[in-house]
Structures are given as C-alpha cells and as structure tokens.
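Enquirer: Sharing a structure below in structure tokens format, with a few things to ask.
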Amino acid sequence: MSLQDKSKILKTIYRRLYQAFGAQNWWPGETPFEVIIGAILTQNTSWINVEKAIGNLKKENLLSPRALKDIPLEKLADKIRHSGYFNQKAKKLKAFIDFLFSNYCGNLEKMFSKEMHLLRPQLLEIKGIGNETADSILLYAADKPIFVIDAYTQRILFRQQLISEKADYEEIQQLFMQNLPLDSELFNEFHALFVRLGKEICKKRKPECRRCPLKKVTSYQSPVNNEEKICL
DNA sequence: TGCCAGGCCGGGT
DNA sequence: ACCCGGCATGGC
C-alpha cells in the first residue's frame, strides 16, 4: 500500500466518522489544567467516574497547581476516589505537580511554550504519565499537533487491517502523523471520533456490529489479503 | 454476575 | 525486548 493510499484511507475514515457523529468538541474540560488532571484520572477508567472526581476537586477549589501542591496526598486520594485507582492516581497527580513546579515555576503557560518534541520526553519521565497521557496533554491542553493513540484507535485500525495486532504506540502514531497534515484541530477531532466510535460500537466482544460508519471503507485492497475491509 | 472503562508501572522471564 | 499482575470504582 502506497503512502498516497494510506493518506486517502485515513481521510476517508475521518470523513465517515465526522459525517456519522459530527464534531465532538473535545476535550471535555474548561481549562488546560483541568484537561491535564482529566487525562491522568481517565487512565483505564470510564469518563463518567472521572467527572465525579473532577467535580469533587472543583467543588473544593482544588483545580489549580497551587492547591494540589498544598493538599496532603491522603486527602487528595480521597477526593478522587470515584475515578478508581485513587491511591495511584493521587501520586500521579502529585508527581505532575512536582514536575510543574520544579521545572516551570508551577506555570502551565511556561510549560506549553516548550517545543513539543522537547516537552514530550520530559512528560514521559514523570511516573504515571505514559504515551497516551503525555500526548493527550500535548494535544488537548497545549494545542500541539500530535496524534493520541488509545485502545479504541488500535482496535479499530487492526480490524480495518491497517496495522498488525502488535503494532506499538510509536508506529501507530506515525501512521497518522506521516500521512496527514500536522494540524492540531484535525488530530483533536479525529481522536475524539475514534473514542466516540469505540464507545458506541467497538466493544471488545462485539466485532460483528452492522451499523459501523467505517463499514464502507473498502476502496483499497488489504495488504494482507484481497478481502474487503471489515467493520471493526 | 462478570466484564469493561479514553493506562501505566514494576518485576519477572 | 516482551509479558503479566496490580491498581479500584461504577455501569451495564
């Protein structure tokens, strides 16, 4: 499959998803700081639970770098109980806050002014921040043009036979970033649409769905065999 | 009831 | 370089 083909397929997928679901208006958070907190709290956790945890923090005016720096770990863990893994996540939030203060004086704007390819490895050094969380922060909080890969995206691409089952994060990310314009608005919407599709119908145990908007992505030949693309 | 959710880490091969 | 258990709440 040529580069041209990949680019075309990705754009077709995007168009189909957008036509099916429309703009998703991500990230569901009011401020960049809230986006970052949400990105950490939503790790392997449904968003509805994260909303409750963030609601707690907001209610007690804890949604600021300063406030999270000052609150004791145990108290913080209790506030975010609803998001699951609360002991771990409290440590993760603290780790990020410590990083923010020791490197950027607790100032998000200062952190965001750092070039994407330099900031990313810094974020990855923080215990509790991996590829997806780092990229979510870069894209949805800092508005940098980087593509976020999550379990839904991987599952959908695999079922479309665009990647192998064990393609790693970097490889999947490159598929998007080498075949699409580096546009943060496009990446923002695209990833949100993958999540939307995943939530709607791409359940692990229901690969046979019949109303998937990607069902018609058949305008190319599979690199593996000549079968037409299957739905999810 | 069991399985899943917008992962990540650390220890074991 | 992989592979796996642990982390924890809430919804279907």
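Naming scheme: A, B, ... for chains in displayed order of the structure tokens; residues 1 onward per chain; ligands 1 onward as shown.
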Can you tell me which residues surround DC8 in chain B at a distance of at most 8 Å, considering only C-alpha atoms (C1' of nucleotides), apart from same-chain residues fewer than 6 positions away, and format the answer as a PyMOL selection string?
Expert: chain A and resi 128-130
Enquirer: Using only C-alpha atoms (C1' of nucleotides), select each residue of chain A with any atom at most 8 Å away from an atom of chain B, and give the selection as a list in words.
Expert: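 Here is what falls inside 8 Å: Thr42, Gln43, Asn44, Thr45, Ser46, Trp47, Lys127, Gly128, Ile129, Gly130, Glu132, Asp150, Ala151, Tyr152 and Val195 of chain A.
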Enquirer: Just C-alpha atoms for this one: save the residues we selected as a short mmCIF file (atom, residue, chain, number, x, y, z; two decimals), in the first residue's frame.
Expert:
data_model
loop_
_atom_site.label_atom_id
_atom_site.label_comp_id
_atom_site.auth_asym_id
_atom_site.auth_seq_id
_atom_site.Cartn_x
_atom_site.Cartn_y
_atom_site.Cartn_z
CA THR A 42 -9.15 8.77 32.95
CA GLN A 43 -6.41 6.18 32.60
CA ASN A 44 -8.24 2.89 32.08
CA THR A 45 -11.32 4.44 33.62
CA SER A 46 -14.69 5.50 32.26
CA TRP A 47 -15.10 9.23 31.86
CA LYS A 127 5.90 8.47 36.97
CA GLY A 128 2.31 7.84 35.94
CA ILE A 129 2.47 9.59 32.60
CA GLY A 130 2.87 7.31 29.61
CA GLU A 132 -1.23 8.39 25.72
CA ASP A 150 -5.61 4.73 22.58
CA ALA A 151 -7.01 1.22 22.86
CA TYR A 152 -10.02 2.08 20.68
CA VAL A 195 -13.26 7.29 21.05
#
Enquirer: Pull out every residue of chain C sitting within 10 Å of chain A, counting only C-alpha atoms (C1' of nucleotides), and send them as an MDAnalysis selection string.
Expert: chainID C and resid 7:11
Enquirer: Quick one: write out the picked residues with C-alpha atoms (C1' of nucleotides) as an mmCIF file, in the first residue's frame?
Expert:
data_model
loop_
_atom_site.group_PDB
_atom_site.id
_atom_site.type_symbol
_atom_site.label_atom_id
_atom_site.label_comp_id
_atom_site.auth_asym_id
_atom_site.auth_seq_id
_atom_site.Cartn_x
_atom_site.Cartn_y
_atom_site.Cartn_z
ATOM 1 C "C1'" DC C 7 -4.215 -0.914 40.842
ATOM 2 C "C1'" DA C 8 -10.228 0.249 42.256
ATOM 3 C "C1'" DT C 9 -14.630 2.437 41.329
ATOM 4 C "C1'" DG C 10 -19.124 2.255 38.939
ATOM 5 C "C1'" DG C 11 -22.246 0.877 34.989
#
Enquirer: As an exercise, work out the distance from CA of Leu10 in chain A to CA of Gln160 in chain A in Å and give it to one decimal place.
Expert: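 Computing the Euclidean distance for CA of Leu10 in chain A and CA of Gln160 in chain A yields 10.8 Å.
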Enquirer: For Phe147 in chain A, work out the shell of residues within 10 Å, counting only C-alpha atoms (C1' of nucleotides) and skipping chain neighbours fewer than 3 positions away, then give it as a ChimeraX atom specification.
Expert: /A:132,135-136,138-139,144,150,172-177,182-184,186-188,190-191
Enquirer: If you run DSSP over the backbone, which residues in range 40-173 of chain A end up helix (DSSP H, G or I)? Put them as a PyMOL selection string.
Expert: chain A and resi 40-41+47-59+65-70+73-79+81-83+86-104+108-112+116-124+131-141+151-159+169-173
Enquirer: Go ahead and dump the residues you just picked, C-alpha atoms, as a compact mmCIF listing (two decimals), in the first residue's frame.
Expert:
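Writing the result to selection.txt gives the following:
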# COMPACT_ATOMS: atom_id res chain seq x y z
CA ILE A 40 -4.40 11.40 34.28
CA LEU A 41 -7.63 10.41 36.02
CA TRP A 47 -15.10 9.23 31.86
CA ILE A 48 -18.27 9.32 33.92
CA ASN A 49 -16.26 8.37 37.01
CA VAL A 50 -13.63 10.94 36.21
CA GLU A 51 -16.28 13.64 36.05
CA LYS A 52 -17.31 12.86 39.61
CA ALA A 53 -13.72 13.10 40.82
CA ILE A 54 -13.14 16.37 38.98
CA GLY A 55 -16.44 17.63 40.35
CA ASN A 56 -15.15 16.99 43.85
CA LEU A 57 -11.93 18.85 43.16
CA LYS A 58 -13.75 21.76 41.59
CA LYS A 59 -16.22 21.99 44.45
CA PRO A 65 -1.43 23.84 40.62
CA ARG A 66 -1.04 25.67 43.92
CA ALA A 67 -3.99 23.94 45.60
CA LEU A 68 -2.89 20.48 44.50
CA LYS A 69 0.62 21.18 45.68
CA ASP A 70 -0.60 22.08 49.14
CA LEU A 73 -1.59 13.03 49.46
CA GLU A 74 -4.15 11.12 51.51
CA LYS A 75 -6.71 13.88 51.29
CA LEU A 76 -6.23 14.13 47.56
CA ALA A 77 -6.68 10.38 47.17
CA ASP A 78 -9.97 10.59 48.99
CA LYS A 79 -11.23 13.42 46.78
CA ARG A 81 -11.92 8.14 44.97
CA HIS A 82 -14.60 7.90 42.27
CA SER A 83 -12.06 7.72 39.47
CA PHE A 86 -7.23 6.55 43.62
CA ASN A 87 -4.06 5.90 45.62
CA GLN A 88 -2.01 5.52 42.47
CA LYS A 89 -3.63 8.45 40.75
CA ALA A 90 -3.13 10.74 43.73
CA LYS A 91 0.59 10.01 43.47
CA LYS A 92 0.49 10.62 39.74
CA LEU A 93 -1.15 14.00 40.19
CA LYS A 94 1.42 14.91 42.81
CA ALA A 95 4.22 13.77 40.53
CA PHE A 96 2.97 16.02 37.76
CA ILE A 97 2.57 18.97 40.12
CA ASP A 98 6.09 18.49 41.48
CA PHE A 99 7.38 18.41 37.92
CA LEU A 100 5.46 21.56 37.04
CA PHE A 101 6.84 23.50 39.96
CA SER A 102 10.41 22.32 39.76
CA ASN A 103 10.69 22.92 36.00
CA TYR A 104 8.21 25.66 35.18
CA LEU A 108 1.40 25.95 32.66
CA GLU A 109 1.96 28.62 30.03
CA LYS A 110 5.66 28.36 30.62
CA MET A 111 5.46 24.62 30.15
CA PHE A 112 3.39 24.94 26.99
CA MET A 116 6.58 19.72 21.52
CA HIS A 117 9.44 17.37 20.76
CA LEU A 118 11.31 18.58 23.82
CA LEU A 119 8.35 18.63 26.18
CA ARG A 120 7.14 15.13 25.33
CA PRO A 121 10.17 13.25 26.71
CA GLN A 122 10.03 15.43 29.81
CA LEU A 123 6.42 14.47 30.45
CA LEU A 124 7.25 10.80 29.91
CA ASN A 131 2.49 7.80 25.88
CA GLU A 132 -1.23 8.39 25.72
CA THR A 133 -1.41 10.70 28.70
CA ALA A 134 1.58 12.73 27.52
CA ASP A 135 0.10 13.11 24.06
CA SER A 136 -3.33 13.99 25.45
CA ILE A 137 -1.70 16.77 27.44
CA LEU A 138 0.24 17.99 24.42
CA LEU A 139 -2.74 17.94 22.09
CA TYR A 140 -5.70 18.83 24.26
CA ALA A 141 -4.14 21.08 26.85
CA ALA A 151 -7.01 1.22 22.86
CA TYR A 152 -10.02 2.08 20.68
CA THR A 153 -7.89 3.50 17.90
CA GLN A 154 -5.64 0.47 17.93
CA ARG A 155 -8.56 -1.94 17.87
CA ILE A 156 -10.31 -0.13 15.04
CA LEU A 157 -7.19 0.14 12.88
CA PHE A 158 -6.40 -3.52 13.43
CA ARG A 159 -9.87 -4.60 12.41
CA TYR A 169 2.40 3.07 20.03
CA GLU A 170 5.01 4.96 18.05
CA GLU A 171 4.29 3.00 14.91
CA ILE A 172 0.57 3.67 15.04
CA GLN A 173 1.16 7.32 15.82
Enquirer: Rounded to one decimal place, report the CA of Glu189 in chain A-CA of Glu165 in chain A distance in Å.
Expert: 24.2 Å
